[in-house]
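Reading through the structure tokens given below for one structure.
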Amino acid sequence: MIERTVSCRPMTHCITNPVTVNDCANIILAAGGTAIMAQDEREVEEITAHASSLVLNMGAVRAQEAMLRAAGTAKKLGHPVVLDPVAAGASHLRGDMCAKLLAEGLVSVIRGNVSEIRALAGGTGQESGVEADLSDRIDEDNLAESAAWLRDFAHRTGTVVLLTGAMDVITDGKRTAVLCGGSELLRRITGAGCMLTSLAGVYCGAAPDRLFEATVTASEVMKHCGEIAEARVRKEMEGTASFRTRLIDAVSLLSADELTSRIRLI
Amino acid sequence: MIERTVSCRPMTHCITNPVTVNDCANIILAAGGTAIMAQDEREVEEITAHASSLVLNMGAVRAQEAMLRAAGTAKKLGHPVVLDPVAAGASHLRGDMCAKLLAEGLVSVIRGNVSEIRALAGGTGQESGVEADLSDRIDEDNLAESAAWLRDFAHRTGTVVLLTGAMDVITDGKRTAVLCGGSELLRRITGAGCMLTSLAGVYCGAAPDRLFEATVTASEVMKHCGEIAEARVRKEMEGTASFRTRLIDAVSLLSADELTSRIRLI
Amino acid sequence: MIERTVSCRPMTHCITNPVTVNDCANIILAAGGTAIMAQDEREVEEITAHASSLVLNMGAVRAQEAMLRAAGTAKKLGHPVVLDPVAAGASHLRGDMCAKLLAEGLVSVIRGNVSEIRALAGGTGQESGVEADLSDRIDEDNLAESAAWLRDFAHRTGTVVLLTGAMDVITDGKRTAVLCGGSELLRRITGAGCMLTSLAGVYCGAAPDRLFEATVTASEVMKHCGEIAEARVRKEMEGTASFRTRLIDAVSLLSADELTSRIRLI
């Protein structure tokens, strides 16, 4: 996936929030892709047609019309659309927009934390009764149950779902992968989630026929590079801002054979 | 204040400008808080209700309606509202917006430089005659006079005011603290003021009953961490961008007992 | 040019995109200028009147009305206006906006890559037949022809044009300078182009009577500091995010006598 990305340099079109937009563009470039972050509804269809994949981040919920138009074009062209439902549980505006995108079948991949994914699962209006049992934190004890719930959600929405936390769980409704590790410091910077979503956008753009594997790769890269960045920061006695820099550095220096598989299929 | 922040992890809602929004979110996280930067008027009331404090930065003056709604909700809920009147003297749009927020009693704390605070003091329509005497730079020679003027302004507006410069002056209309030191390099990066305002937002969120002390803490942390960052940057022969990174690093590594008090009460 | 900038501290008003706005502000400050990034159409005329130069970046195409008003004020006051036609070839909205600014004579300097400049040259509606011969990459083989085409474009539009790539070409329609060198890593970060445009804004603000020389200086500084940053990053075994930091660092540490001329006049 990584070599393919570096060799084909896919362009990812992101409609994303200003808080982390620079980090998202830079991590896409670091991974070997190119990025365009346009969000004016008058140009997004034209822009997204030049790209290989589309990322929609709910932090840019103001650009609703642009998101719908870009997603419509992406669907028509067969480009993967990656949704980041950031704070979907804290704002009805965001939750409703996610529900609309899902209802119209415009989403290929979803990347969120437990509360965000739960907000979406509730928001689809299809009560399953299971989500109430999902803990705020996925761990070995509730993993089997959580994975079953997530598989059901992926199946219902026709998406690949990447649920992030101390443990990442990825499923396309059939296959399910679990990844451990990564760095605690990822929670001390803004944009770790947005950057991971952007990485999923790049790898899905490079391999639109293998969205599950592409999404797993994004998770692996983030966990691996988080560990590298944390080790360097500890050695240099640096803090969280240096960690952000060294995280993107690690992505830019990554070679495919360095990624020792941390995937467990369940 | 610092331990309290780290233990209660207050959420600060910032309506702030895209120039420095990433730095503001990252310094809030570095200080131990959490941040949400939503500014769509359709969701800000819901968002701010989840938070502990609200920061309004005039660089986001376009989001006027969002600011008014969020501030109204924050007031109703008793959340501190911190105003950064950036460039209020250079734009009537910003000056008028600040005047409106103050007139409606929506502001708890103000953080600005001399020309910004002066623009606000003039903008309240209550001529005091004293502001004309305020120099552009607070120093030992004009400190007593400047502090008296600032106390009057704080008293009239019912706010805690933090006036920043080579010397920071903080007053709630009764108590007045002066802090020296810090780094000259803070003037060579964008966002030093915005970041300090964000820190005030975090500490006020952690201690809504002690806004004067919380604001003093924000000033102390910025001056202390500015000095640490400058020392490191000089040692490594680095420039202004590294200073920005090392400043946020220092905030993330700060422990409360490290802050030797630099406060002088006058 | 560099000493003049440091001594007069010109203010550059940028209407630019959120992706790289922080980097643009920081590189302006690093170069010794000051920056204001306002883009609300209700305040930009007032803001730009306080500044020495104006930068318009098509990544902020949504702020069309603000751009037109600010450019009108800048023209009236004789402030240089620097245009960055980013992605003008990928979006008709951006291409049309550039054409409008050029048709109204509101632009002093243009900074873009080959495809962006080509989009503008086509967009002026004055077919020259020559642009079709311009390769995507300027090199020694096509330099004479490309420079002639660029001189014609500069002459027709009454602007100084800075075409960037492995080789930068700058022309005011009469004089033409070529600069080699720089760092390949500039293509691995977002904002290298936007930052160079911002530097052109600062130096043009410091020397509005010498726009050609000011634009050449911007190109020289970016190439020189790119090389310094790359050397440091290689030595420290760092990646692309550190390169961005060290690039701005190098600008902030630059002294005029360090710039050994890399200019070739053709």
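Labels used: A, B, ... for chains in the order of the structure tokens, numbers from 1 for residues in each chain, and numbers from 1 for ligands as shown.
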Please extract the residues of region 48-257 of chain B with a backbone DSSP assignment of helix (DSSP H, G or I) and present them as a PyMOL selection string.
chain B and resi 48-50+58-77+92-103+114-123+131-133+143-157+184-188+192-206+211-236+240-253+256-257
Would you give me, as a ChimeraX atom specification, the residues of chain C that come within 10 Å of chain A, using only C-alpha atoms?
/C:17-23,59-62,87,90-94,187-191,237-245
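The two atoms in question, CA of Ser52 (chain B) and CA of Val216 (chain B), are spaced 18.4 Å apart.
Neighbours of region 149-159 of chain A closer than or equal to 8 Å, with only C-alpha atoms counted and sequence neighbours fewer than 4 positions away skipped, come out as A:Leu102, A:Gly105, A:Val107, A:Ser108, A:Val109, A:Ile110, A:Ala121, A:Val130, A:Glu131, A:Leu134, A:Glu145, A:Thr171, A:Asp172, A:Gly173, A:Lys174, A:Thr176.
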Give the strand (DSSP E or B) residues of region 11-189 of chain B, as assigned by DSSP on the backbone, as an MDAnalysis selection string.
chainID B and resid 11:15 34:36 53:57 81:84 109:112 160:163 168:171 176:179
